[in-house]
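Dropping coords.tsv in here (TSV, C-alpha atoms):
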chain	number	residue	atom	x	y	z
A	1	MET	CA	38.55	54.18	40.30
A	2	SER	CA	36.59	52.93	37.31
A	3	LEU	CA	35.02	49.46	37.06
A	4	VAL	CA	34.66	47.58	33.76
A	5	LYS	CA	31.87	44.96	33.46
A	6	LEU	CA	32.41	41.83	31.36
A	7	SER	CA	29.89	39.06	30.64
A	8	LEU	CA	30.98	35.47	31.36
A	9	ASP	CA	28.32	32.74	31.08
A	10	ARG	CA	25.56	34.84	32.68
A	11	CYS	CA	27.89	36.04	35.51
A	12	THR	CA	29.30	39.60	35.91
A	13	VAL	CA	33.05	39.99	36.40
A	14	LEU	CA	34.49	43.32	37.54
A	15	ARG	CA	37.97	44.28	36.39
A	16	ILE	CA	39.89	46.93	38.41
A	17	PRO	CA	42.58	48.46	36.20
A	18	ASN	CA	44.74	50.45	38.67
A	19	LEU	CA	46.05	49.38	42.10
A	20	GLU	CA	48.00	52.32	43.51
A	21	ASN	CA	48.04	51.69	47.30
A	22	PRO	CA	47.60	48.87	49.89
A	23	LEU	CA	43.96	49.82	50.56
A	24	ARG	CA	43.13	49.49	46.97
A	25	LEU	CA	45.08	46.18	46.84
A	26	LEU	CA	43.09	44.79	49.80
A	27	THR	CA	39.83	45.90	48.22
A	28	ALA	CA	40.80	44.25	44.96
A	29	LEU	CA	41.65	40.99	46.71
A	30	LEU	CA	38.28	40.93	48.50
A	31	LEU	CA	36.47	41.61	45.25
A	32	ALA	CA	38.46	38.85	43.54
A	33	VAL	CA	37.43	36.34	46.22
A	34	VAL	CA	33.78	37.33	45.92
A	35	LEU	CA	33.85	37.17	42.13
A	36	ALA	CA	35.59	33.80	42.15
A	37	THR	CA	32.84	32.46	44.42
A	38	VAL	CA	30.18	33.86	42.08
A	39	VAL	CA	31.89	32.31	39.05
A	40	LEU	CA	32.05	28.91	40.74
A	41	VAL	CA	28.37	29.08	41.68
A	42	CYS	CA	27.39	30.14	38.15
A	43	GLY	CA	29.54	27.41	36.63
A	44	SER	CA	27.92	24.84	38.90
A	45	ALA	CA	24.45	26.13	37.96
A	46	ALA	CA	25.32	25.96	34.26
A	47	SER	CA	26.57	22.39	34.65
A	48	SER	CA	23.39	21.45	36.49
A	49	ALA	CA	21.29	23.02	33.74
A	50	ARG	CA	23.12	21.07	31.06
A	51	ALA	CA	22.60	17.83	33.01
A	52	ALA	CA	18.92	18.58	33.45
A	53	ASP	CA	18.63	19.20	29.72
A	54	GLY	CA	19.72	15.64	28.93
A	55	THR	CA	17.48	13.67	26.53
A	56	ASN	CA	16.23	10.09	26.76
A	57	GLY	CA	16.05	8.85	23.17
A	58	ILE	CA	15.64	5.20	22.17
A	59	SER	CA	15.37	3.40	18.85
A	60	GLY	CA	15.25	-0.12	17.48
A	61	ALA	CA	15.39	-1.80	14.07
A	62	PRO	CA	15.76	-5.25	12.49
A	63	SER	CA	19.39	-6.29	12.18
A	64	ASP	CA	21.54	-8.78	10.31
A	65	GLY	CA	23.57	-9.42	13.47
A	66	THR	CA	25.94	-6.49	13.17
A	67	SER	CA	23.93	-3.44	12.02
A	68	VAL	CA	20.53	-2.49	10.65
A	69	ASP	CA	19.63	-4.36	7.45
A	70	GLY	CA	17.01	-2.07	5.88
A	71	ARG	CA	13.90	-3.99	6.93
A	72	SER	CA	10.99	-1.94	8.27
A	73	ARG	CA	9.32	-4.94	9.94
A	74	PHE	CA	9.83	-8.59	10.80
A	75	SER	CA	7.90	-10.68	8.26
A	76	TYR	CA	8.10	-14.46	8.28
A	77	GLN	CA	6.41	-17.26	6.39
A	78	VAL	CA	6.72	-20.44	8.45
A	79	ASP	CA	5.31	-23.92	8.92
A	80	PRO	CA	3.52	-24.95	12.12
A	81	GLY	CA	6.14	-26.16	14.63
A	82	GLN	CA	9.01	-24.34	12.89
A	83	HIS	CA	11.48	-22.08	14.72
A	84	LEU	CA	13.95	-19.47	13.47
A	85	ASP	CA	16.42	-16.95	14.87
A	86	ASP	CA	16.75	-13.23	14.13
A	87	PHE	CA	18.35	-10.06	15.47
A	88	TYR	CA	17.23	-6.70	16.81
A	89	LEU	CA	19.46	-3.65	17.16
A	90	LEU	CA	18.92	-1.36	20.16
A	91	ARG	CA	20.32	2.17	20.29
A	92	ASN	CA	20.43	4.76	23.04
A	93	THR	CA	20.05	8.00	21.08
A	94	GLY	CA	19.83	10.14	24.23
A	95	THR	CA	22.41	11.81	26.41
A	96	THR	CA	21.79	9.78	29.56
A	97	ALA	CA	22.45	6.14	30.38
A	98	GLN	CA	19.33	3.98	30.12
A	99	THR	CA	18.30	0.41	30.84
A	100	MET	CA	16.08	-0.91	28.07
A	101	LYS	CA	13.59	-3.71	28.53
A	102	VAL	CA	13.06	-5.73	25.35
A	103	PHE	CA	10.12	-8.08	24.84
A	104	ALA	CA	7.48	-9.18	22.29
A	105	THR	CA	3.72	-8.74	22.49
A	106	ASP	CA	0.53	-9.05	20.43
A	107	ALA	CA	-0.94	-6.43	18.10
A	108	PHE	CA	-4.50	-5.23	17.60
A	109	ASP	CA	-6.41	-2.56	15.67
A	110	THR	CA	-7.79	0.46	17.52
A	111	PRO	CA	-11.31	1.73	16.66
A	112	THR	CA	-9.70	4.56	14.66
A	113	GLY	CA	-7.72	2.09	12.56
A	114	ALA	CA	-4.29	2.45	14.17
A	115	PHE	CA	-1.96	-0.51	14.58
A	116	SER	CA	-1.35	-0.87	18.32
A	117	LEU	CA	0.29	-3.22	20.81
A	118	LEU	CA	-0.71	-4.51	24.22
A	119	ASP	CA	0.59	-2.52	27.16
A	120	THR	CA	3.78	-3.54	28.90
A	121	LYS	CA	2.08	-5.44	31.74
A	122	SER	CA	-0.32	-7.44	29.52
A	123	THR	CA	0.52	-11.06	28.73
A	124	PRO	CA	0.55	-11.92	24.99
A	125	LYS	CA	-1.35	-14.99	23.79
A	126	ASP	CA	-0.56	-15.07	20.07
A	127	SER	CA	2.63	-14.30	18.12
A	128	GLY	CA	4.01	-12.20	20.97
A	129	SER	CA	4.19	-15.33	23.12
A	130	TRP	CA	6.18	-17.17	20.42
A	131	VAL	CA	9.27	-14.96	20.85
A	132	THR	CA	11.99	-15.66	23.43
A	133	PHE	CA	15.35	-14.02	24.10
A	134	ALA	CA	18.55	-15.17	25.81
A	135	ASN	CA	18.11	-18.30	27.95
A	136	GLY	CA	14.52	-18.67	26.77
A	137	LYS	CA	13.33	-15.55	28.61
A	138	MET	CA	10.24	-13.66	27.48
A	139	GLY	CA	12.08	-10.38	27.99
A	140	ILE	CA	15.55	-9.05	28.81
A	141	GLU	CA	17.03	-5.83	30.19
A	142	VAL	CA	19.90	-4.16	28.34
A	143	PRO	CA	21.80	-1.21	29.90
A	144	LEU	CA	23.19	1.23	27.34
A	145	ALA	CA	25.37	4.30	27.70
A	146	PRO	CA	24.59	7.46	25.70
A	147	ASN	CA	24.92	6.85	21.92
A	148	GLU	CA	25.67	3.17	22.56
A	149	SER	CA	24.00	0.41	20.52
A	150	LYS	CA	23.75	-3.33	20.92
A	151	VAL	CA	22.39	-6.23	18.86
A	152	VAL	CA	20.26	-8.79	20.70
A	153	SER	CA	19.12	-12.12	19.29
A	154	PHE	CA	15.72	-13.73	19.68
A	155	ARG	CA	14.05	-16.98	18.64
A	156	LEU	CA	10.61	-17.39	17.11
A	157	THR	CA	9.02	-20.77	17.86
A	158	VAL	CA	5.71	-21.43	16.08
A	159	PRO	CA	3.34	-23.83	17.88
A	160	ALA	CA	2.51	-27.03	16.03
A	161	ASP	CA	-1.19	-26.20	16.23
A	162	ALA	CA	-0.88	-22.58	15.04
A	163	SER	CA	-3.74	-21.62	12.73
A	164	PRO	CA	-2.95	-20.66	9.10
A	165	GLY	CA	-2.71	-17.00	8.18
A	166	ASP	CA	-1.21	-13.81	9.61
A	167	HIS	CA	-0.40	-13.42	13.30
A	168	ALA	CA	0.60	-9.83	14.14
A	169	GLY	CA	2.66	-8.54	17.01
A	170	GLY	CA	5.70	-6.42	17.73
A	171	ILE	CA	9.18	-6.37	19.25
A	172	VAL	CA	9.10	-3.64	21.90
A	173	ILE	CA	11.72	-1.53	23.67
A	174	SER	CA	10.45	-0.09	26.94
A	175	VAL	CA	12.23	2.40	29.21
A	176	ALA	CA	10.56	3.35	32.49
A	177	THR	CA	11.65	6.77	33.74
A	178	PRO	CA	10.54	8.33	37.05
A	179	GLN	CA	9.20	11.85	36.70
A	180	GLY	CA	8.15	13.22	40.05
A	181	ASN	CA	5.65	10.84	41.63
A	182	ILE	CA	4.89	8.92	38.43
A	183	ILE	CA	6.69	6.43	36.22
A	184	VAL	CA	6.68	7.25	32.51
A	185	ASP	CA	6.91	4.20	30.23
A	186	ARG	CA	8.43	5.25	26.88
A	187	ARG	CA	8.19	2.61	24.17
A	188	VAL	CA	9.23	2.09	20.58
A	189	ALA	CA	8.39	-1.01	18.59
A	190	THR	CA	8.91	-2.79	15.29
A	191	ARG	CA	6.03	-4.70	13.74
A	192	LEU	CA	6.13	-8.49	13.69
A	193	TYR	CA	4.11	-10.50	11.17
A	194	VAL	CA	4.15	-14.28	11.20
A	195	ARG	CA	2.32	-15.99	8.35
A	196	VAL	CA	1.68	-19.63	9.11
A	197	LYS	CA	1.39	-21.72	5.96
A	198	GLY	CA	-1.90	-23.42	5.21
A	199	ALA	CA	-5.24	-22.47	3.68
A	200	LEU	CA	-5.04	-18.69	3.19
A	201	GLN	CA	-8.25	-16.70	2.92
A	202	ALA	CA	-7.46	-13.19	1.73
A	203	GLY	CA	-10.53	-11.02	1.40
A	204	LEU	CA	-12.48	-8.06	2.71
A	205	THR	CA	-16.25	-7.79	2.90
A	206	VAL	CA	-18.67	-4.88	3.30
A	207	SER	CA	-20.86	-5.89	6.21
A	208	SER	CA	-23.05	-2.79	6.01
A	209	LEU	CA	-23.56	0.25	3.81
A	210	ALA	CA	-25.62	3.29	4.80
A	211	SER	CA	-26.11	6.67	3.12
A	212	THR	CA	-27.54	10.05	4.09
A	213	TYR	CA	-28.34	12.94	1.77
A	214	ARG	CA	-27.35	16.43	2.92
A	215	ASN	CA	-29.33	19.32	1.44
A	216	ALA	CA	-27.75	22.60	0.37
A	217	VAL	CA	-29.13	26.03	-0.50
A	218	ASN	CA	-28.33	25.26	-4.12
A	219	PRO	CA	-30.48	22.19	-4.91
A	220	PHE	CA	-27.83	20.98	-7.36
A	221	SER	CA	-24.86	21.08	-4.95
A	222	GLY	CA	-25.94	18.82	-2.09
A	223	SER	CA	-23.83	15.91	-0.88
A	224	THR	CA	-24.22	12.27	0.08
A	225	LEU	CA	-22.50	10.83	3.17
A	226	VAL	CA	-21.67	7.15	2.67
A	227	ARG	CA	-20.76	5.02	5.73
A	228	VAL	CA	-19.09	1.71	4.96
A	229	THR	CA	-18.36	-1.04	7.49
A	230	VAL	CA	-15.40	-3.08	6.23
A	231	ARG	CA	-14.56	-6.42	7.80
A	232	ASN	CA	-11.53	-8.63	7.32
A	233	ASN	CA	-13.17	-12.04	7.53
A	234	GLY	CA	-10.10	-13.80	6.18
A	235	ASN	CA	-6.80	-14.70	7.85
A	236	VAL	CA	-4.48	-12.29	6.01
A	237	ALA	CA	-3.84	-8.64	6.93
A	238	LEU	CA	-5.14	-6.36	4.15
A	239	GLY	CA	-5.75	-2.70	3.40
A	240	ALA	CA	-8.03	-1.37	0.66
A	241	ASN	CA	-8.59	1.38	-1.85
A	242	MET	CA	-12.20	2.51	-2.15
A	243	VAL	CA	-14.02	4.33	-4.98
A	244	VAL	CA	-17.40	5.91	-4.17
A	245	ASN	CA	-19.91	7.60	-6.47
A	246	VAL	CA	-23.67	8.25	-6.72
A	247	LYS	CA	-25.93	7.25	-9.59
A	248	THR	CA	-29.58	8.01	-10.34
A	249	TYR	CA	-32.28	6.85	-12.79
A	250	LEU	CA	-31.14	4.30	-15.42
A	251	GLY	CA	-27.65	4.23	-13.89
A	252	ILE	CA	-26.88	7.81	-14.92
A	253	ALA	CA	-24.03	9.34	-12.88
A	254	ALA	CA	-25.19	11.95	-10.39
A	255	SER	CA	-21.70	12.76	-9.03
A	256	GLY	CA	-18.02	12.39	-9.69
A	257	LEU	CA	-15.77	9.67	-8.28
A	258	VAL	CA	-14.41	10.06	-4.74
A	259	ARG	CA	-11.40	7.96	-3.75
A	260	SER	CA	-10.54	6.90	-0.22
A	261	SER	CA	-8.38	4.30	1.48
A	262	VAL	CA	-8.65	1.84	4.35
A	263	SER	CA	-5.49	1.33	6.38
A	264	GLU	CA	-4.28	-2.20	7.05
A	265	LEU	CA	-6.92	-4.30	8.76
A	266	LEU	CA	-5.82	-7.31	10.81
A	267	PRO	CA	-7.77	-10.60	10.46
A	268	GLY	CA	-11.10	-10.59	12.27
A	269	ASN	CA	-11.19	-6.81	12.71
A	270	THR	CA	-13.85	-4.35	11.54
A	271	ARG	CA	-13.61	-0.68	10.59
A	272	VAL	CA	-16.18	2.00	9.75
A	273	VAL	CA	-15.17	4.43	6.99
A	274	SER	CA	-17.17	7.56	6.11
A	275	VAL	CA	-16.89	9.21	2.71
A	276	GLU	CA	-18.71	12.36	1.61
A	277	VAL	CA	-19.58	12.68	-2.07
A	278	PRO	CA	-20.14	16.34	-3.07
A	279	GLY	CA	-22.09	17.85	-5.96
A	280	VAL	CA	-25.16	15.60	-5.79
A	281	ALA	CA	-28.42	17.22	-6.96
A	282	GLN	CA	-31.83	16.63	-5.37
A	283	LEU	CA	-33.05	14.14	-7.94
A	284	GLY	CA	-35.34	12.01	-5.81
A	285	TYR	CA	-33.92	8.53	-6.39
A	286	LEU	CA	-30.19	8.19	-5.64
A	287	ASN	CA	-28.02	5.09	-5.84
A	288	PRO	CA	-24.72	5.36	-3.87
A	289	HIS	CA	-22.16	2.78	-5.03
A	290	ILE	CA	-18.78	1.67	-3.66
A	291	SER	CA	-16.01	-0.46	-5.09
A	292	LEU	CA	-13.56	-1.95	-2.55
A	293	VAL	CA	-10.18	-3.08	-3.89
A	294	PRO	CA	-7.98	-4.96	-1.33
A	295	THR	CA	-4.30	-3.98	-1.10
A	296	VAL	CA	-1.17	-5.46	0.48
A	297	ASP	CA	1.42	-3.39	2.35
A	298	PRO	CA	4.62	-3.05	0.25
A	299	ASP	CA	6.64	-4.68	3.05
A	300	ALA	CA	4.16	-7.54	3.58
A	301	LEU	CA	4.16	-10.98	1.99
A	302	ASN	CA	1.96	-11.33	-1.10
A	303	PRO	CA	-1.08	-13.53	-0.36
A	304	GLY	CA	-2.00	-14.04	-4.02
A	305	PRO	CA	-5.00	-12.82	-6.09
A	306	LEU	CA	-7.43	-10.49	-4.33
A	307	ARG	CA	-11.11	-10.01	-5.15
A	308	THR	CA	-12.83	-6.63	-5.59
A	309	THR	CA	-16.10	-6.09	-3.72
A	310	ASP	CA	-18.93	-3.92	-5.09
A	311	ARG	CA	-21.94	-2.78	-3.08
A	312	ASP	CA	-24.68	-0.20	-3.52
A	313	THR	CA	-27.74	1.11	-1.76
A	314	ALA	CA	-30.69	3.41	-2.49
A	315	ILE	CA	-31.86	6.59	-0.80
A	316	PHE	CA	-34.47	9.23	-1.61
A	317	ALA	CA	-33.52	12.90	-1.81
A	318	MET	CA	-36.67	15.02	-1.83
A	319	PRO	CA	-36.47	17.13	-5.03
A	320	TRP	CA	-37.67	20.36	-3.46
A	321	TRP	CA	-36.56	22.37	-6.46
A	322	LEU	CA	-38.79	20.24	-8.72
A	323	LEU	CA	-41.72	20.56	-6.33
A	324	ILE	CA	-41.23	24.33	-6.26
A	325	LEU	CA	-41.12	24.46	-10.06
A	326	LEU	CA	-44.26	22.32	-10.26
A	327	ALA	CA	-45.97	24.57	-7.72
A	328	ILE	CA	-45.02	27.66	-9.73
A	329	ALA	CA	-46.15	26.00	-12.97
A	330	GLY	CA	-49.40	24.96	-11.30
A	331	ALA	CA	-49.99	28.48	-10.01
A	332	ILE	CA	-49.36	29.91	-13.48
A	333	TRP	CA	-51.70	27.36	-15.07
A	334	LEU	CA	-54.41	28.09	-12.49
A	335	PHE	CA	-54.00	31.82	-13.06
A	336	LEU	CA	-54.27	31.37	-16.82
A	337	MET	CA	-57.34	29.16	-16.45
A	338	VAL	CA	-59.06	31.67	-14.17
A	339	ARG	CA	-58.03	34.48	-16.49
A	340	ARG	CA	-59.33	32.59	-19.50
A	341	LYS	CA	-62.67	31.91	-17.88
A	342	ARG	CA	-62.95	35.50	-16.75
A	343	ASP	CA	-62.04	36.77	-20.23
A	344	ALA	CA	-64.57	34.38	-21.78
A	345	ALA	CA	-67.27	35.59	-19.41
A	346	ASN	CA	-66.41	39.21	-20.14
A	347	ALA	CA	-66.52	38.51	-23.89
A	348	GLN	CA	-69.88	36.80	-23.59
A	349	ALA	CA	-71.25	39.67	-21.55
A	350	TRP	CA	-69.93	42.12	-24.13
A	351	ILE	CA	-71.54	40.19	-26.95
A	352	GLU	CA	-74.83	40.08	-25.12
A	353	HIS	CA	-74.54	43.80	-24.47
A	354	ILE	CA	-73.90	44.53	-28.14
A	355	GLU	CA	-76.82	42.35	-29.22
A	356	ALA	CA	-79.09	44.09	-26.72
A	357	GLU	CA	-77.96	47.48	-27.95
A	358	ALA	CA	-78.57	46.39	-31.52
A	359	ARG	CA	-82.05	45.20	-30.71
A	360	ARG	CA	-82.81	48.40	-28.85
A	361	GLY	CA	-81.58	50.52	-31.78
A	362	ALA	CA	-83.67	48.52	-34.21
A	363	ALA	CA	-86.74	48.98	-32.04
A	364	GLU	CA	-86.22	52.73	-31.88
A	365	GLU	CA	-86.00	52.95	-35.67
A	366	GLN	CA	-89.28	51.09	-36.12
A	367	VAL	CA	-91.32	53.54	-33.93
A	368	PRO	CA	-90.96	56.69	-36.21
A	369	GLU	CA	-91.78	54.68	-39.31
A	370	THR	CA	-95.00	53.41	-37.70
A	371	ALA	CA	-95.99	56.94	-36.61
A	372	GLY	CA	-95.39	58.30	-40.16
A	373	ALA	CA	-97.52	55.60	-41.70
A	374	LEU	CA	-100.37	56.35	-39.34
A	375	GLY	CA	-100.24	60.13	-40.27
A	376	ASN	CA	-100.37	59.47	-43.99
A	377	ALA	CA	-103.36	57.21	-43.54
A	378	GLY	CA	-105.28	60.06	-41.71
A	379	LEU	CA	-104.68	62.60	-44.48
A	380	SER	CA	-105.98	60.18	-47.09
A	381	SER	CA	-109.21	59.73	-45.19
A	382	THR	CA	-109.84	63.50	-44.96
A	383	ALA	CA	-109.32	64.01	-48.66
A	384	GLU	CA	-111.82	61.39	-49.55
A	385	SER	CA	-114.42	62.98	-47.32
A	386	ASN	CA	-114.08	66.29	-49.07
As structure tokens:
Amino acid sequence: MSLVKLSLDRCTVLRIPNLENPLRLLTALLLAVVLATVVLVCGSAASSARAADGTNGISGAPSDGTSVDGRSRFSYQVDPGQHLDDFYLLRNTGTTAQTMKVFATDAFDTPTGAFSLLDTKSTPKDSGSWVTFANGKMGIEVPLAPNESKVVSFRLTVPADASPGDHAGGIVISVATPQGNIIVDRRVATRLYVRVKGALQAGLTVSSLASTYRNAVNPFSGSTLVRVTVRNNGNVALGANMVVNVKTYLGIAASGLVRSSVSELLPGNTRVVSVEVPGVAQLGYLNPHISLVPTVDPDALNPGPLRTTDRDTAIFAMPWWLLILLAIAGAIWLFLMVRRKRDAANAQAWIEHIEAEARRGAAEEQVPETAGALGNAGLSSTAESN
């Protein structure tokens, strides 16, 4: 008897083609019972696997009361003491039922410049405390089935003594899910900006500027690291575009322009931005310069004219290449001077030698002439005697 194996959702089914006697029939029935049990177990395991693979997705967006309305944030311009109503759409994008907790809280900037919100258990004290939901509650719980969505309303009530300017927060959806022995709090949020009318002060300042020169093997390809501390000392949330370059003597450019950006900075916050300017030669005196141009997020309310801030500083980059060239030039000059003096001394010695040789030669020529004169004088005397 031959057995044929077929694959069915990770389980093996055996088909017996020929049943010719009662023994074979009984065997086939037993095998059928066993295989049916295996199929049921495998089907149950597959169902359990699919259930375990369920996702827990959540999303939220501003709404017009029926569906999303295209806004990326809640932005309001209000008077002190004013209140207004708005809507938030919740959606369960996962495959399991979830109960969503909705509430508002305050925003702050992290040291790295990220927009962040207080944790779920923290109590808001600014714009987050101005938002209430149904029956004046600070938060509500909304159960949603998979792929279900629901619009919830909320009211923003601005205190009569609210200070002018931007107050940042967020509308948060929180879903706490147990995973083993811990509770995982998954959150999504939409930014909330409340601008209270009054005296607006929109401006960024550079509270400090420091620079460091970094040498390179090539003395003309060093770099300058510029560290800028930007502070929002106004009451309006602003970002900035920054242009950095390095100048040298008489304002001559010693580098190209390097552009950078500062993400949105909430009022009263400070951020340190580092920018490296390449291609700066070792010229001794260097003058790093920055130009800070405030910007407004495209989805934010326009605060009016913004002022550009310019700052510079001075550093000294030891011109080793120039010192080396001067040392080489000095060594060459010293060598030439020593060589010149030595050549002059040798020339003088040669001249003195020539003069001495000339005097010696002249003296040798005078000796024979004197001897000849003395001989002629002797012969003359002898002749006269005869």
Self-check item: Which residue of A:Asp343, A:Glu276, A:Asp310, A:Asp85 approaches Leu292 of chain A most closely, using only C-alpha atoms
Solution: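 Once distances to Leu292 of chain A are computed over only C-alpha atoms, the minimum belongs to A:Asp310.
The space separating atom CA of Thr123 of chain A from atom CA of Asp106 of chain A comes to 8.5 Å.
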Exercise. Just the residues within 10 Å of Ser263 of chain A, please, counting all atoms listed in the file, with nothing from its chain fewer than 5 positions along; format it as a count of residues only.
Key: 12
Would you be able to write out as a PDB file with C-alpha atoms, in the coordinates of the input which residues have an atom within 12 Å of (-15.2, 8.0, -7.0) in the file's coordinates, counting all atoms listed in the file?
ATOM      1  CA  VAL A 226     -21.670   7.150   2.670  1.00  0.00           C
ATOM      2  CA  ASN A 241      -8.590   1.380  -1.850  1.00  0.00           C
ATOM      3  CA  MET A 242     -12.200   2.510  -2.150  1.00  0.00           C
ATOM      4  CA  VAL A 243     -14.020   4.330  -4.980  1.00  0.00           C
ATOM      5  CA  VAL A 244     -17.400   5.910  -4.170  1.00  0.00           C
ATOM      6  CA  ASN A 245     -19.910   7.600  -6.470  1.00  0.00           C
ATOM      7  CA  VAL A 246     -23.670   8.250  -6.720  1.00  0.00           C
ATOM      8  CA  LYS A 247     -25.930   7.250  -9.590  1.00  0.00           C
ATOM      9  CA  ALA A 253     -24.030   9.340 -12.880  1.00  0.00           C
ATOM     10  CA  ALA A 254     -25.190  11.950 -10.390  1.00  0.00           C
ATOM     11  CA  SER A 255     -21.700  12.760  -9.030  1.00  0.00           C
ATOM     12  CA  GLY A 256     -18.020  12.390  -9.690  1.00  0.00           C
ATOM     13  CA  LEU A 257     -15.770   9.670  -8.280  1.00  0.00           C
ATOM     14  CA  VAL A 258     -14.410  10.060  -4.740  1.00  0.00           C
ATOM     15  CA  ARG A 259     -11.400   7.960  -3.750  1.00  0.00           C
ATOM     16  CA  SER A 260     -10.540   6.900  -0.220  1.00  0.00           C
ATOM     17  CA  SER A 261      -8.380   4.300   1.480  1.00  0.00           C
ATOM     18  CA  VAL A 275     -16.890   9.210   2.710  1.00  0.00           C
ATOM     19  CA  GLU A 276     -18.710  12.360   1.610  1.00  0.00           C
ATOM     20  CA  VAL A 277     -19.580  12.680  -2.070  1.00  0.00           C
ATOM     21  CA  PRO A 278     -20.140  16.340  -3.070  1.00  0.00           C
ATOM     22  CA  PRO A 288     -24.720   5.360  -3.870  1.00  0.00           C
ATOM     23  CA  HIS A 289     -22.160   2.780  -5.030  1.00  0.00           C
ATOM     24  CA  ILE A 290     -18.780   1.670  -3.660  1.00  0.00           C
ATOM     25  CA  SER A 291     -16.010  -0.460  -5.090  1.00  0.00           C
ATOM     26  CA  LEU A 292     -13.560  -1.950  -2.550  1.00  0.00           C
TER      27      LEU A 292
END
Quiz item: Which one of A:Tyr88, A:Phe154, A:Tyr76, A:Trp333 sits closest to Ala61 of chain A if you count all atoms listed in the file?
Solution: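 Among the listed residues, the smallest separation from Ala61 of chain A belongs to A:Tyr88.
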Quiz item: If you count only C-alpha atoms, which residues fall within 8 Å of segment 197-202 of chain A, apart from same-chain ones fewer than 4 positions away, as a count of residues only?
Solution: 15
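Distance-wise, atom CA of Asp185 of chain A and atom CA of Gln98 of chain A end up 12.4 Å apart.
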Self-check item: Å distance separating atom CA of Val142 of chain A from atom CA of Thr55 of chain A, one decimal place
Solution: 18.1 Å
Exercise. Using only C-alpha atoms, pick whichever of A:Gly81, A:Gly330, A:Gly251, A:Gly284 has the shortest atom-to-atom distance to Ile315 of chain A.
Key: A:Gly284
Practice problem: Choose the residue, out of A:Thr313, A:Arg360, A:Gly70, A:Ala168, that has the smallest atom-to-atom separation from Trp130 of chain A; count all atoms listed in the file. | Solution: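 Once distances to Trp130 of chain A are computed over all atoms listed in the file, the minimum belongs to A:Ala168.
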Quiz item: Taking all atoms listed in the file into account, which of A:Arg231, A:Arg91, A:Lys101, A:His353 comes nearest Ser59 of chain A?
Solution: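 Closest to Ser59 of chain A of all the choices is A:Arg91.
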Self-check item: Nearest to Ser67 of chain A by atom-to-atom distance, counting all atoms listed in the file, from A:Ala104, A:Val293, A:Ile328, A:Leu89
Solution: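 Of A:Ala104, A:Val293, A:Ile328, A:Leu89, the one nearest Ser67 of chain A is A:Leu89, counting all atoms listed in the file.
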Self-check item: Exercise: residues within 12 Å of coordinate (8.8, -24.8, 16.8), counting all atoms listed in the file, as JSON, numbers by chain
Solution: {"A": [78, 79, 80, 81, 82, 83, 84, 85, 130, 131, 132, 155, 156, 157, 158, 159, 160, 161, 162, 196]}
Since the input has fewer atoms than a full residue there, write segment 124-135 of chain A out with N, CA and C atoms, as a short mmCIF file (atom, residue, chain, number, x, y, z; two decimals), in the frame of the given file.
data_model
loop_
_atom_site.label_atom_id
_atom_site.label_comp_id
_atom_site.auth_asym_id
_atom_site.auth_seq_id
_atom_site.Cartn_x
_atom_site.Cartn_y
_atom_site.Cartn_z
N PRO A 124 0.96 -11.56 26.36
CA PRO A 124 0.55 -11.92 24.99
C PRO A 124 0.08 -13.38 24.92
N LYS A 125 -0.82 -13.64 23.97
CA LYS A 125 -1.35 -14.99 23.79
C LYS A 125 -1.17 -15.52 22.38
N ASP A 126 -0.72 -14.64 21.46
CA ASP A 126 -0.56 -15.07 20.07
C ASP A 126 0.92 -14.98 19.68
N SER A 127 1.25 -14.31 18.60
CA SER A 127 2.63 -14.30 18.12
C SER A 127 3.61 -13.69 19.11
N GLY A 128 3.13 -12.78 19.96
CA GLY A 128 4.01 -12.20 20.97
C GLY A 128 4.53 -13.22 21.95
N SER A 129 3.77 -14.29 22.17
CA SER A 129 4.19 -15.33 23.12
C SER A 129 5.11 -16.35 22.46
N TRP A 130 5.32 -16.23 21.14
CA TRP A 130 6.18 -17.17 20.42
C TRP A 130 7.64 -16.73 20.42
N VAL A 131 7.92 -15.53 20.93
CA VAL A 131 9.27 -14.96 20.85
C VAL A 131 9.95 -15.08 22.22
N THR A 132 11.18 -15.59 22.21
CA THR A 132 11.99 -15.66 23.43
C THR A 132 13.38 -15.09 23.16
N PHE A 133 14.02 -14.62 24.23
CA PHE A 133 15.35 -14.02 24.10
C PHE A 133 16.37 -14.93 24.79
N ALA A 134 17.46 -14.38 25.22
CA ALA A 134 18.55 -15.17 25.81
C ALA A 134 18.04 -16.05 26.94
N ASN A 135 18.48 -17.31 26.92
CA ASN A 135 18.11 -18.30 27.95
C ASN A 135 16.61 -18.58 27.99
#
